[in-house]
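Below: structure-v6.csv (CSV, C-alpha atoms)
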```csv
chain,number,residue,atom,x,y,z
A,1,MET,CA,-67.1,47.8,121.2
A,2,PRO,CA,-65.0,45.2,119.4
A,3,THR,CA,-62.7,43.1,121.6
A,4,PHE,CA,-59.0,43.2,120.7
A,5,VAL,CA,-56.8,40.2,120.9
A,6,LYS,CA,-53.0,39.8,121.1
A,7,PHE,CA,-51.1,37.3,119.1
A,8,THR,CA,-47.6,36.9,117.8
A,9,ILE,CA,-46.3,36.6,114.2
A,10,ASP,CA,-42.7,35.4,114.0
A,11,GLY,CA,-42.3,36.5,117.7
A,12,VAL,CA,-43.5,40.0,117.1
A,13,VAL,CA,-46.6,41.0,119.2
A,14,CYS,CA,-49.5,42.0,117.1
A,15,MET,CA,-53.0,43.2,117.8
A,16,SER,CA,-56.3,43.0,116.0
A,17,GLU,CA,-60.0,42.7,116.4
A,18,GLU,CA,-61.1,39.3,117.6
A,19,GLY,CA,-62.4,37.1,114.9
A,20,ARG,CA,-60.6,39.0,112.1
A,21,GLN,CA,-59.3,36.9,109.2
A,22,LEU,CA,-55.7,36.2,109.8
A,23,VAL,CA,-54.5,37.5,106.4
A,24,GLU,CA,-56.2,40.8,107.1
A,25,ALA,CA,-55.0,41.0,110.7
A,26,ALA,CA,-51.5,40.4,109.4
A,27,VAL,CA,-51.8,43.3,106.9
A,28,GLU,CA,-53.0,45.6,109.7
A,29,ASN,CA,-49.8,44.7,111.5
A,30,GLY,CA,-47.5,45.2,108.5
A,31,VAL,CA,-47.0,41.6,107.8
A,32,PHE,CA,-47.4,40.2,104.3
A,33,ILE,CA,-48.8,36.7,104.0
A,34,PRO,CA,-49.0,35.7,100.3
A,35,THR,CA,-52.4,34.9,98.9
A,36,LEU,CA,-53.8,33.8,95.5
A,37,CYS,CA,-57.3,32.5,96.0
A,38,ASN,CA,-58.1,35.0,98.7
A,39,TYR,CA,-59.5,38.4,97.8
A,40,PRO,CA,-60.5,41.2,100.2
A,41,GLY,CA,-64.3,41.4,100.5
A,42,ILE,CA,-65.3,38.0,99.2
A,43,PRO,CA,-65.6,34.8,101.3
A,44,PRO,CA,-62.3,32.9,101.8
A,45,LYS,CA,-61.8,29.5,100.1
A,46,GLY,CA,-58.5,28.1,101.3
A,47,SER,CA,-57.9,26.4,98.0
A,48,CYS,CA,-54.5,27.5,96.8
A,49,ARG,CA,-52.7,26.9,100.2
A,50,ILE,CA,-50.1,29.5,99.5
A,51,CYS,CA,-51.1,31.5,102.7
A,52,THR,CA,-50.2,28.5,104.8
A,53,VAL,CA,-48.7,29.5,108.2
A,54,MET,CA,-47.8,27.6,111.3
A,55,ILE,CA,-50.1,28.2,114.2
A,56,ASN,CA,-49.0,26.7,117.5
A,57,GLY,CA,-46.9,24.3,115.4
A,58,ARG,CA,-49.6,23.2,112.9
A,59,PRO,CA,-49.9,24.2,109.2
A,60,VAL,CA,-53.1,26.2,108.7
A,61,THR,CA,-54.3,28.4,105.8
A,62,ALA,CA,-54.3,32.0,107.0
A,63,CYS,CA,-57.3,33.1,104.8
A,64,THR,CA,-59.7,30.7,106.5
A,65,THR,CA,-58.4,31.2,110.1
A,66,LYS,CA,-59.6,33.8,112.5
A,67,VAL,CA,-57.2,35.4,114.9
A,68,ALA,CA,-57.6,34.5,118.6
A,69,GLU,CA,-55.9,35.5,121.8
A,70,GLY,CA,-52.5,34.1,122.3
A,71,MET,CA,-52.0,32.6,118.9
A,72,GLU,CA,-48.3,31.9,118.1
A,73,ILE,CA,-48.0,32.3,114.3
A,74,GLN,CA,-44.9,31.5,112.2
A,75,ASN,CA,-44.9,33.1,108.8
A,76,ASN,CA,-41.6,34.1,107.5
A,77,ILE,CA,-39.6,30.9,108.1
A,78,PRO,CA,-37.5,29.0,105.5
A,79,GLU,CA,-39.8,25.9,105.5
A,80,LEU,CA,-42.9,27.9,104.6
A,81,GLU,CA,-41.1,30.1,102.1
A,82,GLU,CA,-39.9,26.9,100.4
A,83,PHE,CA,-43.4,25.5,100.4
A,84,ARG,CA,-44.9,28.6,99.0
A,85,ARG,CA,-42.3,28.7,96.3
A,86,ALA,CA,-43.2,25.1,95.4
A,87,VAL,CA,-46.9,26.1,95.1
A,88,VAL,CA,-46.0,28.8,92.7
A,89,GLU,CA,-43.7,26.5,90.7
A,90,ILE,CA,-46.4,23.8,90.5
A,91,LEU,CA,-48.9,26.4,89.2
A,92,PHE,CA,-46.4,27.5,86.5
A,93,ALA,CA,-45.7,23.9,85.4
A,94,GLU,CA,-49.4,22.8,85.5
A,95,GLY,CA,-50.8,25.5,83.1
A,96,ASN,CA,-49.6,27.2,80.0
A,97,HIS,CA,-48.2,30.4,81.5
A,98,LEU,CA,-46.6,32.3,78.6
A,99,CYS,CA,-45.8,35.6,80.4
A,100,PRO,CA,-44.3,37.3,77.3
A,101,SER,CA,-47.7,37.2,75.5
A,102,CYS,CA,-50.0,37.8,78.4
A,103,GLU,CA,-52.0,40.9,78.8
A,104,LYS,CA,-51.9,40.7,82.5
A,105,SER,CA,-48.1,40.5,82.7
A,106,GLY,CA,-46.8,43.0,85.2
A,107,PHE,CA,-50.1,42.9,87.1
A,108,CYS,CA,-50.3,39.2,87.6
A,109,GLU,CA,-50.2,38.0,91.2
A,110,LEU,CA,-48.8,34.6,90.3
A,111,GLN,CA,-46.0,36.2,88.3
A,112,ALA,CA,-45.4,38.7,91.1
A,113,LEU,CA,-45.0,35.9,93.6
A,114,ALA,CA,-42.6,34.1,91.3
A,115,TYR,CA,-40.6,37.3,91.1
A,116,ARG,CA,-40.7,37.6,94.9
A,117,TYR,CA,-39.4,34.1,95.3
A,118,ARG,CA,-36.9,34.6,92.4
A,119,MET,CA,-38.2,31.6,90.6
A,120,THR,CA,-36.2,31.2,87.4
A,121,VAL,CA,-37.6,27.9,86.4
A,122,PRO,CA,-40.1,25.4,88.1
A,123,GLU,CA,-38.5,22.3,89.5
A,124,PHE,CA,-41.4,20.4,88.0
A,125,PRO,CA,-41.7,19.4,84.4
A,126,TYR,CA,-44.0,21.5,82.3
A,127,MET,CA,-47.2,19.7,81.4
A,128,PHE,CA,-48.4,21.8,78.4
A,129,PRO,CA,-52.1,20.8,78.8
A,130,ASN,CA,-54.4,21.3,75.9
A,131,ARG,CA,-56.9,24.0,77.0
A,132,ASP,CA,-59.4,26.2,75.4
A,133,VAL,CA,-59.7,30.0,75.0
A,134,GLU,CA,-63.3,31.1,75.2
A,135,SER,CA,-63.4,34.2,73.0
A,136,TRP,CA,-67.1,34.1,72.0
A,137,HIS,CA,-68.4,36.0,75.0
A,138,PRO,CA,-69.2,39.6,73.9
A,139,LYS,CA,-67.5,41.4,76.8
A,140,ILE,CA,-65.0,39.1,78.4
A,141,MET,CA,-62.5,36.4,77.3
A,142,LYS,CA,-61.6,33.3,79.3
A,143,ASP,CA,-58.2,31.8,78.7
A,144,HIS,CA,-58.1,28.4,80.4
A,145,ASN,CA,-54.4,28.1,79.7
A,146,ARG,CA,-53.7,30.6,82.4
A,147,CYS,CA,-56.5,29.7,84.9
A,148,ILE,CA,-55.2,28.6,88.3
A,149,LEU,CA,-58.7,27.6,89.5
A,150,CYS,CA,-58.7,30.0,92.5
A,151,LYS,CA,-62.4,30.5,92.1
A,152,ARG,CA,-62.2,34.2,93.0
A,153,CYS,CA,-64.5,34.9,90.0
A,154,ILE,CA,-67.1,32.4,91.2
A,155,ARG,CA,-67.3,34.0,94.6
A,156,GLY,CA,-66.8,37.6,93.7
A,157,ILE,CA,-68.6,38.3,90.4
A,158,HIS,CA,-72.3,38.6,90.2
A,159,ASN,CA,-74.5,40.5,87.8
A,160,SER,CA,-76.9,43.3,88.8
A,161,GLU,CA,-79.5,40.8,89.7
A,162,GLY,CA,-77.1,39.0,92.0
A,163,LYS,CA,-76.7,36.0,89.6
A,164,PRO,CA,-73.3,34.5,89.5
A,165,ILE,CA,-71.6,34.6,86.0
A,166,PHE,CA,-68.9,32.0,86.7
A,167,ASP,CA,-69.3,28.4,88.0
A,168,PHE,CA,-67.1,25.3,87.9
A,169,GLY,CA,-67.6,22.0,86.3
A,170,LYS,CA,-65.9,18.6,86.7
A,171,ARG,CA,-63.5,17.7,89.5
A,172,GLY,CA,-59.9,17.0,90.3
A,173,ASP,CA,-57.4,17.7,87.4
A,174,LYS,CA,-60.4,18.1,85.0
A,175,LEU,CA,-61.8,21.0,87.0
A,176,VAL,CA,-62.7,23.9,84.8
A,177,ILE,CA,-64.3,27.3,85.3
A,178,ASN,CA,-67.4,27.8,83.2
A,179,ILE,CA,-69.0,31.1,82.1
A,180,ASP,CA,-72.7,31.4,81.9
A,181,SER,CA,-73.1,32.6,78.3
A,182,GLU,CA,-76.6,34.1,78.9
A,183,THR,CA,-75.6,36.1,82.0
A,184,SER,CA,-72.3,37.2,80.6
A,185,LYS,CA,-73.9,38.6,77.5
A,186,ASN,CA,-75.3,41.7,79.2
A,187,ILE,CA,-72.7,42.5,81.8
A,188,SER,CA,-71.6,46.1,82.1
A,189,ASP,CA,-68.1,47.3,81.2
A,190,GLU,CA,-67.4,48.0,84.9
A,191,LEU,CA,-68.3,44.4,85.8
A,192,ALA,CA,-66.1,43.0,83.0
A,193,GLN,CA,-63.2,45.2,84.3
A,194,LYS,CA,-63.9,44.1,87.9
A,195,ALA,CA,-63.7,40.4,86.8
A,196,MET,CA,-60.4,41.1,85.0
A,197,ASP,CA,-59.0,42.9,88.0
A,198,MET,CA,-60.2,40.3,90.4
A,199,CYS,CA,-58.5,37.4,88.5
A,200,PRO,CA,-55.1,37.0,90.0
A,201,VAL,CA,-53.7,35.8,86.6
A,202,GLY,CA,-54.6,36.6,83.0
A,203,ALA,CA,-57.4,34.1,82.7
A,204,ILE,CA,-60.3,36.6,82.6
A,205,LEU,CA,-59.7,39.5,80.2
A,206,LYS,CA,-61.9,42.4,79.4
A,207,LYS,CA,-62.2,42.5,75.6
A,208,GLU,CA,-60.6,45.2,73.5
A,209,LYS,CA,-58.2,46.1,76.3
A,210,GLY,CA,-54.7,45.1,77.0
A,211,PHE,CA,-51.0,46.2,77.1
A,212,ASP,CA,-52.2,49.8,78.0
A,213,VAL,CA,-49.5,50.4,80.7
A,214,PRO,CA,-45.9,50.6,79.4
A,215,ILE,CA,-43.3,48.2,80.8
A,216,GLY,CA,-41.6,49.8,83.8
A,217,LYS,CA,-44.9,51.4,85.0
A,218,ARG,CA,-46.8,48.2,85.8
A,219,ARG,CA,-47.9,47.3,89.3
A,220,TYR,CA,-45.1,44.8,90.0
A,221,ASP,CA,-42.4,46.2,87.8
A,222,LEU,CA,-40.4,48.0,90.4
A,223,ALA,CA,-41.2,46.6,93.9
A,224,PRO,CA,-42.1,43.0,94.8
A,225,ILE,CA,-45.6,42.1,95.8
A,226,GLY,CA,-46.1,42.6,99.5
A,227,THR,CA,-43.6,45.4,100.0
A,228,GLU,CA,-46.5,47.9,100.3
A,229,ILE,CA,-47.7,46.0,103.3
A,230,GLU,CA,-44.4,45.2,105.0
A,231,LYS,CA,-43.0,47.7,107.4
B,232,MET,CA,-6.1,37.3,84.3
B,233,THR,CA,-6.9,34.8,81.5
B,234,LYS,CA,-10.0,35.6,79.5
B,235,LYS,CA,-13.0,33.4,79.9
B,236,ILE,CA,-14.2,31.8,76.7
B,237,VAL,CA,-17.8,32.4,75.8
B,238,ALA,CA,-20.0,30.6,73.3
B,239,THR,CA,-23.5,31.4,72.4
B,240,ALA,CA,-26.3,29.9,70.3
B,241,SER,CA,-29.8,30.6,69.2
B,242,LEU,CA,-31.9,27.4,68.9
B,243,ALA,CA,-35.7,27.8,68.6
B,244,GLY,CA,-35.5,31.5,69.4
B,245,CYS,CA,-35.9,34.8,67.6
B,246,PHE,CA,-32.4,36.2,68.3
B,247,GLY,CA,-34.1,38.7,70.6
B,248,CYS,CA,-32.0,37.5,73.5
B,249,HIS,CA,-28.8,38.1,71.4
B,250,MET,CA,-30.1,41.6,70.5
B,251,SER,CA,-30.7,42.3,74.2
B,252,PHE,CA,-27.1,41.1,74.8
B,253,LEU,CA,-25.9,43.7,72.4
B,254,ASP,CA,-28.0,46.2,74.3
B,255,ILE,CA,-25.3,46.3,77.0
B,256,ASP,CA,-23.9,49.0,74.8
B,257,GLU,CA,-20.5,50.5,75.7
B,258,ARG,CA,-20.1,47.8,78.3
B,259,LEU,CA,-19.2,45.6,75.3
B,260,PHE,CA,-15.7,47.2,75.5
B,261,ASP,CA,-15.5,46.1,79.2
B,262,LEU,CA,-16.7,42.7,78.2
B,263,ILE,CA,-14.1,42.0,75.6
B,264,GLU,CA,-11.5,42.8,78.3
B,265,ILE,CA,-12.7,39.8,80.4
B,266,VAL,CA,-14.1,37.4,77.8
B,267,GLU,CA,-13.3,36.0,74.4
B,268,PHE,CA,-15.9,34.5,72.0
B,269,ASP,CA,-15.7,31.1,70.4
B,270,LYS,CA,-18.6,29.5,68.6
B,271,SER,CA,-21.3,32.3,68.4
B,272,PRO,CA,-23.4,34.2,65.9
B,273,ILE,CA,-21.7,37.3,67.3
B,274,ASP,CA,-18.3,36.5,65.7
B,275,ASP,CA,-19.7,34.0,63.2
B,276,ILE,CA,-17.5,31.1,64.3
B,277,LYS,CA,-19.5,28.0,63.2
B,278,THR,CA,-17.8,25.2,65.1
B,279,PHE,CA,-16.1,24.9,68.5
B,280,THR,CA,-12.4,25.5,68.4
B,281,ARG,CA,-11.7,24.7,72.1
B,282,GLN,CA,-13.3,24.0,75.4
B,283,CYS,CA,-15.4,27.0,76.6
B,284,ASP,CA,-16.0,28.3,80.1
B,285,ILE,CA,-19.5,29.8,79.5
B,286,GLY,CA,-22.3,28.8,77.1
B,287,LEU,CA,-25.4,30.9,76.6
B,288,ILE,CA,-28.3,29.2,75.0
B,289,GLU,CA,-31.2,31.1,73.5
B,290,GLY,CA,-34.4,29.2,72.5
B,291,GLY,CA,-35.7,25.8,73.2
B,292,CYS,CA,-35.4,22.6,71.2
B,293,CYS,CA,-38.0,22.3,68.4
B,294,ASN,CA,-36.0,20.0,66.0
B,295,ASP,CA,-33.2,17.4,66.0
B,296,GLU,CA,-30.6,20.0,65.0
B,297,ASN,CA,-31.4,22.0,68.1
B,298,VAL,CA,-30.9,18.9,70.2
B,299,HIS,CA,-27.6,18.1,68.5
B,300,ASN,CA,-26.4,21.7,69.0
B,301,LEU,CA,-27.4,21.7,72.6
B,302,ILE,CA,-25.6,18.5,73.3
B,303,GLU,CA,-22.5,19.9,71.6
B,304,PHE,CA,-22.7,23.0,73.8
B,305,ARG,CA,-23.1,20.9,76.9
B,306,LYS,CA,-20.0,18.9,75.9
B,307,HIS,CA,-17.9,22.0,75.1
B,308,CYS,CA,-19.1,24.4,77.9
B,309,ASN,CA,-18.2,24.1,81.5
B,310,VAL,CA,-21.1,26.3,82.6
B,311,LEU,CA,-24.3,26.3,80.5
B,312,VAL,CA,-26.9,29.1,80.9
B,313,SER,CA,-30.5,29.1,79.6
B,314,LEU,CA,-31.0,32.6,78.3
B,315,GLY,CA,-34.6,33.8,78.0
B,316,GLU,CA,-38.1,32.4,78.2
B,317,CYS,CA,-37.9,30.1,75.1
B,318,ALA,CA,-34.8,28.3,76.5
B,319,ILE,CA,-36.4,28.1,80.0
B,320,MET,CA,-40.0,27.0,79.1
B,321,GLY,CA,-40.3,26.7,75.3
B,322,GLY,CA,-41.7,30.2,74.8
B,323,LEU,CA,-43.7,31.2,71.8
B,324,PRO,CA,-42.7,28.1,69.8
B,325,SER,CA,-44.2,25.9,72.5
B,326,LEU,CA,-47.7,27.2,71.7
B,327,ARG,CA,-47.8,24.1,69.4
B,328,ASN,CA,-47.1,21.7,72.3
B,329,TRP,CA,-50.7,20.8,73.0
B,330,ILE,CA,-51.6,20.3,69.3
B,331,PRO,CA,-50.7,17.0,67.7
B,332,LEU,CA,-47.7,17.4,65.3
B,333,LYS,CA,-49.6,16.2,62.3
B,334,GLU,CA,-52.3,18.8,62.8
B,335,CYS,CA,-49.6,21.5,63.0
B,336,LEU,CA,-47.9,20.3,59.7
B,337,ASP,CA,-51.3,20.0,57.9
B,338,GLU,CA,-52.2,23.5,58.9
B,339,ALA,CA,-48.8,24.9,58.0
B,340,TYR,CA,-48.4,23.2,54.6
B,341,LEU,CA,-51.8,21.9,53.4
B,342,ASN,CA,-54.8,23.7,54.9
B,343,GLY,CA,-53.7,27.1,56.1
B,344,PRO,CA,-55.3,30.0,54.2
B,345,THR,CA,-52.0,31.1,52.6
B,346,VAL,CA,-51.0,27.6,51.4
B,347,ALA,CA,-54.2,25.8,50.6
B,348,ASP,CA,-54.3,27.0,47.0
B,349,CYS,CA,-50.6,26.9,46.1
B,350,ASN,CA,-49.4,23.5,47.5
B,351,GLU,CA,-51.1,21.5,44.7
B,352,LYS,CA,-49.2,18.3,45.2
B,353,LYS,CA,-50.0,18.5,48.9
B,354,ILE,CA,-46.3,18.1,49.9
B,355,ILE,CA,-45.2,18.3,53.5
B,356,PRO,CA,-41.4,19.0,53.2
B,357,CYS,CA,-39.4,16.0,54.3
B,358,ASP,CA,-35.8,16.2,53.0
B,359,PRO,CA,-32.7,14.8,54.7
B,360,ASP,CA,-31.2,18.3,54.6
B,361,ILE,CA,-34.0,19.8,56.6
B,362,PRO,CA,-33.9,19.2,60.4
B,363,LYS,CA,-36.6,16.9,61.6
B,364,ILE,CA,-39.2,18.6,63.7
B,365,LEU,CA,-39.8,17.2,67.2
B,366,ASP,CA,-43.1,16.1,68.6
B,367,LYS,CA,-43.1,19.2,70.8
B,368,VAL,CA,-40.8,22.0,71.8
B,369,TYR,CA,-38.6,21.1,74.8
B,370,PRO,CA,-37.1,23.5,77.3
B,371,CYS,CA,-33.3,23.1,77.3
B,372,HIS,CA,-33.1,21.7,80.8
B,373,GLU,CA,-35.3,18.8,79.8
B,374,VAL,CA,-32.7,17.8,77.2
B,375,VAL,CA,-29.3,18.5,79.0
B,376,LYS,CA,-28.3,19.7,82.4
B,377,ILE,CA,-28.5,23.5,82.6
B,378,ASP,CA,-26.5,25.3,85.3
B,379,TYR,CA,-28.2,28.7,85.4
B,380,PHE,CA,-31.3,30.4,84.1
B,381,LEU,CA,-31.7,34.0,83.1
B,382,PRO,CA,-35.5,34.8,82.6
B,383,GLY,CA,-36.9,37.5,80.5
B,384,CYS,CA,-38.3,38.0,77.0
B,385,PRO,CA,-35.7,39.1,76.3
B,386,PRO,CA,-33.7,39.1,79.5
B,387,ARG,CA,-32.8,42.7,80.3
B,388,ALA,CA,-29.4,43.8,79.1
B,389,ASP,CA,-28.4,44.6,82.7
B,390,LEU,CA,-29.2,41.1,83.8
B,391,ILE,CA,-27.2,39.6,81.0
B,392,TRP,CA,-24.3,41.9,81.7
B,393,ASN,CA,-24.5,41.2,85.5
B,394,ALA,CA,-24.6,37.5,84.9
B,395,LEU,CA,-21.7,37.4,82.4
B,396,TYR,CA,-19.6,39.7,84.6
B,397,ALA,CA,-20.3,37.5,87.7
B,398,LEU,CA,-19.5,34.3,85.8
B,399,ALA,CA,-16.3,35.7,84.2
B,400,THR,CA,-14.9,37.3,87.3
B,401,GLY,CA,-16.2,34.9,90.0
B,402,ASN,CA,-18.1,37.7,91.7
B,403,LYS,CA,-21.5,37.2,93.3
B,404,LEU,CA,-24.4,37.8,90.8
B,405,ASP,CA,-26.2,41.0,91.4
B,406,MET,CA,-29.8,40.4,90.4
B,407,PRO,CA,-31.9,43.5,91.2
B,408,TYR,CA,-35.7,43.1,91.2
B,409,GLU,CA,-36.2,45.5,88.3
B,410,VAL,CA,-34.3,43.4,85.9
B,411,PHE,CA,-35.8,40.1,87.0
B,412,LYS,CA,-38.8,39.8,84.7
B,413,PHE,CA,-40.5,37.1,82.6
B,414,ASP,CA,-41.5,39.4,79.7
```

For the structure just supplied, provide its representation as structure tokens.
Amino acid sequence: MPTFVKFTIDGVVCMSEEGRQLVEAAVENGVFIPTLCNYPGIPPKGSCRICTVMINGRPVTACTTKVAEGMEIQNNIPELEEFRRAVVEILFAEGNHLCPSCEKSGFCELQALAYRYRMTVPEFPYMFPNRDVESWHPKIMKDHNRCILCKRCIRGIHNSEGKPIFDFGKRGDKLVINIDSETSKNISDELAQKAMDMCPVGAILKKEKGFDVPIGKRRYDLAPIGTEIEK
Amino acid sequence: MTKKIVATASLAGCFGCHMSFLDIDERLFDLIEIVEFDKSPIDDIKTFTRQCDIGLIEGGCCNDENVHNLIEFRKHCNVLVSLGECAIMGGLPSLRNWIPLKECLDEAYLNGPTVADCNEKKIIPCDPDIPKILDKVYPCHEVVKIDYFLPGCPPRADLIWNALYALATGNKLDMPYEVFKFD
């Protein structure tokens, strides 16, 4: 029998299983906490910081925190919304995010969060970094211009033998996601699709696919990200 | 009510934003009741004839003429609006921003597959009459102060209409989620 715990989010009493990831517990209770590096079913990382909430007055990432009895969580407060908006703005300024020419536009979680926060332009100057597009892999493409280094692909994509396909190299602002050319050669179409779907932006693309859903029918065309969760 | 004066320009853009502007369809009739156009490709007035209330800028700055035009717009418009992704972040032209300018020009005029054989004298055009290309494409707000931004590629006609209507009448801008898009 699982033990249930009581906690509050923005003053509303919530209940969940003890030890549940806070992001998931929030979803169960109809509360949306934005995430970018977190993905259901893979180990949390806490690298993008967008899920930061205040727990008992301290900022904590909700993806790496487990719920406990009596937690007082602040989520939907102006300071945090401002902070999250800034995270989105920094990511837009840091890479080369040309939404009009991106295959993932309309399905991109970064873009969807920018829509949610009504970001018209980042407050930070665009950096226009010089980044590669790896187009030589037979099944997938890796566009480093769009990569936000969330490492979902490293944690979530393994081939049939359990070998990882993605890994990272270098550190700091030189950090880059690498693809193992040998392992990626023989991946199935399903795995390529899974990698594309798991990528929150358009950095991993399944080859010979794109723009197959018309404008107006894409995931985030009509309703902001998170509204499917919020009561 | 006196009509607001509107000026528009396309800098390093494709005129798509202006086309989307025309997509407001029959609301054009409502629009001309509340605004009048000055310098704009829409009425083909080439130079400012007076101080304007609203300036709409399509496209970023890729050459010195764009910069000159943008500064003129800032001087002559009380409110300046960046219209579309190119004005906001450089857009498609900014794809050259991470490639050194010389490499771009060499590819375009000397080495590209369509020019390599026909440009025998290996000339890269450099005439005083041709605007000088900048080292990279600049978003408008990195050159002058921009008051408002309307995203989209192109911005949806409804968004342009709502924004112009709000600016011309002083009403609050209605910005529904469906028309707020980056593509």

| What does the distance between atom CA of B:Phe380 and atom CA of A:Glu123 come to in Å, to one decimal place? |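 Distance reported for this atom pair: 12.1 Å.
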
Determine, using only C-alpha atoms, which residues of chain A have any atom at most 7 Å from an atom of chain B, and tabulate each with its shortest atom pair and distance in Å to one decimal place, rows ordered by chain and then rising number, as JSON lines.
```
{"residue": "A:Leu98", "atom": "CA", "partner": "B:Gly322", "partner_atom": "CA", "distance": 6.5}
{"residue": "A:Cys99", "atom": "CA", "partner": "B:Asp414", "partner_atom": "CA", "distance": 5.8}
{"residue": "A:Pro100", "atom": "CA", "partner": "B:Asp414", "partner_atom": "CA", "distance": 4.2}
{"residue": "A:Tyr115", "atom": "CA", "partner": "B:Phe411", "partner_atom": "CA", "distance": 6.9}
{"residue": "A:Thr120", "atom": "CA", "partner": "B:Phe380", "partner_atom": "CA", "distance": 6.0}
{"residue": "A:Val121", "atom": "CA", "partner": "B:Ile319", "partner_atom": "CA", "distance": 6.5}
{"residue": "A:Phe128", "atom": "CA", "partner": "B:Trp329", "partner_atom": "CA", "distance": 6.0}
{"residue": "A:Pro129", "atom": "CA", "partner": "B:Trp329", "partner_atom": "CA", "distance": 6.0}
{"residue": "A:Asn130", "atom": "CA", "partner": "B:Trp329", "partner_atom": "CA", "distance": 4.7}
{"residue": "A:Asp221", "atom": "CA", "partner": "B:Glu409", "partner_atom": "CA", "distance": 6.3}
{"residue": "A:Leu222", "atom": "CA", "partner": "B:Glu409", "partner_atom": "CA", "distance": 5.3}
```

| query | What separation in Å, quoted to one decimal, exists between atom CA of A:Asn159 and atom CA of A:Asp132? | reply |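 Atom-to-atom, atom CA of A:Asn159 to atom CA of A:Asp132, that is 24.2 Å.
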
| message | The residues within 12 Å of (-18.7, 35.0, 70.0), using only C-alpha atoms and the coordinates of the file, should be reported as JSON, numbers by chain; which are they? | response | {"B": [235, 236, 237, 238, 239, 240, 241, 249, 252, 253, 259, 262, 263, 266, 267, 268, 269, 270, 271, 272, 273, 274, 275, 276, 277, 278, 279, 280, 283, 285, 286, 287]}

| query | What gap, in Å, lies between atom CA of A:Lys163 and atom CA of A:Pro44? | reply | 19.1 Å

| task | Pick out the residues sitting within 12 Å of A:Arg58, and hand them over as a PyMOL selection string; count all atoms listed in the file, and ignore anything fewer than 3 positions along from it in its own chain. | result | chain A and resi 52-55+61-62+71-75+80

Using all atoms listed in the file, which protein or nucleic acid residues come within 6 Å of A:Glu18? Drop anything in the same chain fewer than 4 positions from it, and give the result as a PDB file with C-alpha atoms, in the frame of the given file.
```
ATOM      1  CA  THR A   3     -62.700  43.100 121.600  1.00  0.00           C
ATOM      2  CA  PHE A   4     -59.000  43.200 120.700  1.00  0.00           C
ATOM      3  CA  VAL A   5     -56.800  40.200 120.900  1.00  0.00           C
TER       4      VAL A   5
END
```

| task | Please tell me which residues are no farther than 6 Å from (-51.9, 32.1, 90.1) in the file, counting all atoms listed in the file, and write them as number ranges by chain. | result | A: 36, 110, 148, 200-201

| request: Tell me, as a VMD selection string, which residues lie within 12 Å of A:Asn178, counting all atoms listed in the file; anything in the same chain fewer than 5 positions away does not count. | output: chain A and resid 132 to 134 137 141 to 144 147 149 151 153 to 154 164 to 170 183 to 184 203 to 204

| task | Considering all atoms listed in the file, state which residue in the set A:Cys51, A:Met119, A:Val176, A:Cys108 is at the smallest distance from A:Ala93. | result |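 Comparing A:Cys51, A:Met119, A:Val176, A:Cys108 against A:Ala93, the winner is A:Met119.
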
Can you sort out stretch 176-186 of chain A so it carries N, CA and C atoms, written as a CSV table (one decimal), in the frame of the given file?
```csv
chain,number,residue,atom,x,y,z
A,176,VAL,N,-62.8,22.8,85.7
A,176,VAL,CA,-62.7,23.9,84.8
A,176,VAL,C,-63.7,25.0,85.2
A,177,ILE,N,-63.4,26.2,85.0
A,177,ILE,CA,-64.3,27.3,85.3
A,177,ILE,C,-65.1,27.6,84.1
A,178,ASN,N,-66.5,27.6,84.3
A,178,ASN,CA,-67.4,27.8,83.2
A,178,ASN,C,-68.0,29.3,83.3
A,179,ILE,N,-68.3,29.8,82.1
A,179,ILE,CA,-69.0,31.1,82.1
A,179,ILE,C,-70.4,30.9,81.6
A,180,ASP,N,-71.4,31.4,82.3
A,180,ASP,CA,-72.7,31.4,81.9
A,180,ASP,C,-72.9,32.3,80.7
A,181,SER,N,-73.1,31.8,79.5
A,181,SER,CA,-73.1,32.6,78.3
A,181,SER,C,-74.2,33.6,78.3
A,182,GLU,N,-75.4,33.2,78.8
A,182,GLU,CA,-76.6,34.1,78.9
A,182,GLU,C,-76.3,35.3,79.8
A,183,THR,N,-75.9,35.0,81.0
A,183,THR,CA,-75.6,36.1,82.0
A,183,THR,C,-74.5,37.0,81.6
A,184,SER,N,-73.5,36.4,81.0
A,184,SER,CA,-72.3,37.2,80.6
A,184,SER,C,-72.5,38.1,79.4
A,185,LYS,N,-73.6,37.8,78.7
A,185,LYS,CA,-73.9,38.6,77.5
A,185,LYS,C,-74.1,40.1,77.8
A,186,ASN,N,-74.9,40.3,78.9
A,186,ASN,CA,-75.3,41.7,79.2
A,186,ASN,C,-74.6,42.4,80.3
```
